[in-house]
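Before any comments, here is the structure.
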Amino acid sequence: MAATATDKSGNSMWRVGLSSLLGTTMEFYDFLVYGTMAALVFGDIFFPEAGSSIVALLYSYATFAIGFFGRPIGGMIFGHYGDKLGRKLMLVVTMTVMGVATIAIGCLPTYAQVGVLSPILLIVCRLVQGLALGGEWGGAALMVMESAPDGKRGMWSSLTQMGASFGMILSTGMVALVTQLPNEAFMAWGWRVPFLFSVVLIVLALYVRSTLKESRVFEQMKEDKKEAKMPLIEVFKKQPGAVIKTAGIGATNNVSYYFVATIALSYGTTQLGFPRSTMVNALLVVSIVYLFTLPLFATLTDTFGRKKIIGLGIILVGLFAFPYFKMLETGNFFLIGLAMTLMLAVFQSMVYSSQAAFFPEQYDPRYRYTGASLSTNLATSIFGGTCPFIATALSGAAGGASWPMSLYLVCICIMSFICLYFTKETYKADVTEYQADKLEA
């Protein structure tokens, strides 16, 4: 028990896990609140002159995507300094910047108040938010993965991934509350409340992170005087394949996640005519199930290997791409909830659950923060950030049909599976070893 309760640096594993969980909870809470509000109200609030509701929605999703493009830059910046100065410091910095940007979005003036300045400020806040988020996940994942005992990295690292579920529960819960307001009140001030609520998560996360000690792997690296001088350059020089392959694997979990968390909400309300509350409640149920499946599948990867569980999940996501929308289109609440649960809480969970261990395991510790942050954020930016926009545009071009969106997801799964096939299995790897050549071979 002692071996799992405290790592070699003296950190409590539960404290390390909680620090990571709070950070990723805020990450997903912020982005899901933004994605939800982009689908529900941002078109009217920030783009009332767009000309039509579908164009306004596309503009809203475009700002959603813009934030994602700041993430690789943030990953490079914070990853670089995380590999040189330490994991803990960067986690405190990213949390502070991310929180300030999110609160600022909740305070923005509307188009009716300041005109075109309003969407410009929205874009600036999204870019700053994206920069901070670019360094958040990699640092949170590394702190847990590098602290966890061998043979249990998947299990402990699932706490990082569970932030996706907690963030979804909090965001859908807050949205469910504010959407109960009269429409006039919701459009006037109700939409701001979920953004302002993030201050609670900021305070909790900063308190826990301030009490942590540095990662044992980073401390050992400093003691061995093995720090990389230029982590960003070295990761591309020594392990370019790892960056490409892990980014490709991450495409499936990003696209399938937003197929449920954002696209289903928009598609259900605009194309199928369901009330907002119906889709939000379905998403809340899915989030609760997701909370339990993430640690389950992550723990299984400690026994059976990361690649087997992830690969099976990718295949199942691809096979379910067409049945998913057919179940949504039935209009039956039970079938809608079942479709969303299978896609996210089962199939996507198999792909995503162990990535906080699997992706960092692919990199030499000297530039692990940089590599894991960069590849994850490339996947999030290229595939996750553009997913709502691309899917909405494809469906709109087909007269509102769902089959182009399903085909899009199938293509993503094929690419991810190819990348996974050529990736090293690392669930038994020594994460303290300086082994760039071995990992890249």
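The chains in the structure tokens are called A, B, ... from first to last as shown; in each chain the residues are counted from 1, and the ligands are counted from 1 in the order shown.
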
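Excluding Ala164 in chain A and any residue on its chain fewer than 2 positions from it, the residues at most 7 Å away by only C-alpha atoms are Thr24, Thr25, Phe28, Gln161, Met162, Phe166, Gly167 and Met168 of chain A.
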
Could you please take those selected residues and save C-alpha atoms as a PDB file, in the first residue's frame?
ATOM      1  CA  THR A  24      -8.103  18.506 -16.606  1.00  0.00           C
ATOM      2  CA  THR A  25     -11.551  18.977 -15.075  1.00  0.00           C
ATOM      3  CA  PHE A  28     -12.749  20.185 -20.201  1.00  0.00           C
ATOM      4  CA  GLN A 161      -8.434  11.481 -18.063  1.00  0.00           C
ATOM      5  CA  MET A 162     -11.341  11.478 -15.613  1.00  0.00           C
ATOM      6  CA  PHE A 166     -15.990  15.596 -14.313  1.00  0.00           C
ATOM      7  CA  GLY A 167     -15.650  18.568 -16.648  1.00  0.00           C
ATOM      8  CA  MET A 168     -18.553  17.298 -18.701  1.00  0.00           C
TER       9      MET A 168
END

Check: Taking the backbone alone, and naming residues the way the document does, which bits of range 56-271 of chain A are alpha helix (DSSP H) by DSSP, as a VMD selection string?
Finding: chain A and resid 56 to 69 71 to 85 87 to 106 111 to 114 117 to 145 153 to 178 183 to 188 193 to 196 198 to 210 216 to 223 231 to 238 240 to 258 264 to 266

Next item on the list: Might you pull out every residue within 10 Å of Tyr257 in chain A, with only C-alpha atoms counted and same-chain residues fewer than 6 positions away left off, and present them as a PyMOL selection string?
Entry: chain A and resi 164+251+263+340+343-345+348-349+352+384+387

Would you write out those residues with C-alpha atoms, as a PDB file, in the first residue's frame?
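Output saved as again.pdb:
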ATOM      1  CA  ALA A 164     -12.993  14.852 -19.097  1.00  0.00           C
ATOM      2  CA  ALA A 251      -7.535  12.068 -33.675  1.00  0.00           C
ATOM      3  CA  ILE A 263     -22.249  18.008 -32.382  1.00  0.00           C
ATOM      4  CA  MET A 340     -24.277   8.785 -26.844  1.00  0.00           C
ATOM      5  CA  MET A 343     -19.989   6.248 -28.458  1.00  0.00           C
ATOM      6  CA  LEU A 344     -18.411   8.192 -25.599  1.00  0.00           C
ATOM      7  CA  ALA A 345     -18.532   6.203 -22.369  1.00  0.00           C
ATOM      8  CA  GLN A 348     -14.190   6.468 -27.019  1.00  0.00           C
ATOM      9  CA  SER A 349     -13.299   5.665 -23.410  1.00  0.00           C
ATOM     10  CA  TYR A 352      -8.819   7.774 -24.446  1.00  0.00           C
ATOM     11  CA  GLY A 384     -10.836  18.204 -32.298  1.00  0.00           C
ATOM     12  CA  CYS A 387     -14.519  18.812 -35.856  1.00  0.00           C
TER      13      CYS A 387
END

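Compared by their closest atoms to Phe333 in chain A, and using only C-alpha atoms, the residues A:Met279, A:Ala429, A:Leu58, A:Leu284 rank with A:Met279 nearest.
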
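Residues in contact with Pro48 in chain A at up to 12 Å, not including ones fewer than 2 positions away on its chain and judged by only C-alpha atoms, are Val41, Phe42, Gly43, Asp44, Ile45, Phe46, Ala50, Gly51, Ser52, Ser53, Ile54, Val55, Ala56, Leu57, Tyr59, Ser60, Thr110, Tyr111, Ala112, Gln113, Gly115, Val116, Ser118 and Pro119 of chain A.
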
With a cut-off of 12 Å, could you pull out the residues of range 186-291 of chain A touching range 133-140 of chain A and give me the nearest pair of atoms for each, distance in Å to one decimal, using only C-alpha atoms, ordered by chain and ascending number, as CSV?
residue,atom,partner,partner_atom,distance
A:Ala205,CA,A:Ala140,CA,11.2
A:Arg209,CA,A:Ala140,CA,10.0
A:Leu212,CA,A:Ala140,CA,11.9
A:Glu214,CA,A:Gly139,CA,11.1
A:Ser215,CA,A:Gly139,CA,10.1
A:Phe218,CA,A:Gly139,CA,11.6

Margin query: Using only C-alpha atoms, can you tell me which of A:Lys229, A:Arg87, A:Arg276, A:Arg126 comes closest to Ala104 in chain A?
Written below: A:Arg126

Checklist line | Distance query Ile202 in chain A at most 8 Å, only C-alpha atoms, self and fewer than 6 positions along chain excluded, as a list in words | finding: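 These residues fall inside the cut-off: Met26, Met95, Thr96 and Gly99 of chain A.
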
Notebook entry, point to check: If you count only C-alpha atoms, which residues fall within 8 Å of range 421-427 of chain A, apart from same-chain ones fewer than 4 positions away, as a count of residues only?
Noted result: 16

Notebook entry, point to check: Which distance in Å separates CA of Tyr367 in chain A and CA of Asp224 in chain A, to one decimal?
Noted result: 14.7 Å

Next item on the list: Pick out the closest residue to Cys107 in chain A from this set: A:Phe69, A:Leu196, A:Thr160, A:Leu204. Count only C-alpha atoms.
Entry: A:Leu196

Next item on the list: Find the spatial neighbours of Thr252 in chain A, counting only C-alpha atoms, within a cut-off of 6 Å - ignore same-chain residues fewer than 2 positions away - and output them as a list in words.
Entry: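 Counting only C-alpha atoms, the residues come to Gly250, Asn254, Val255, Ser256, Ile412 and Cys413 of chain A.
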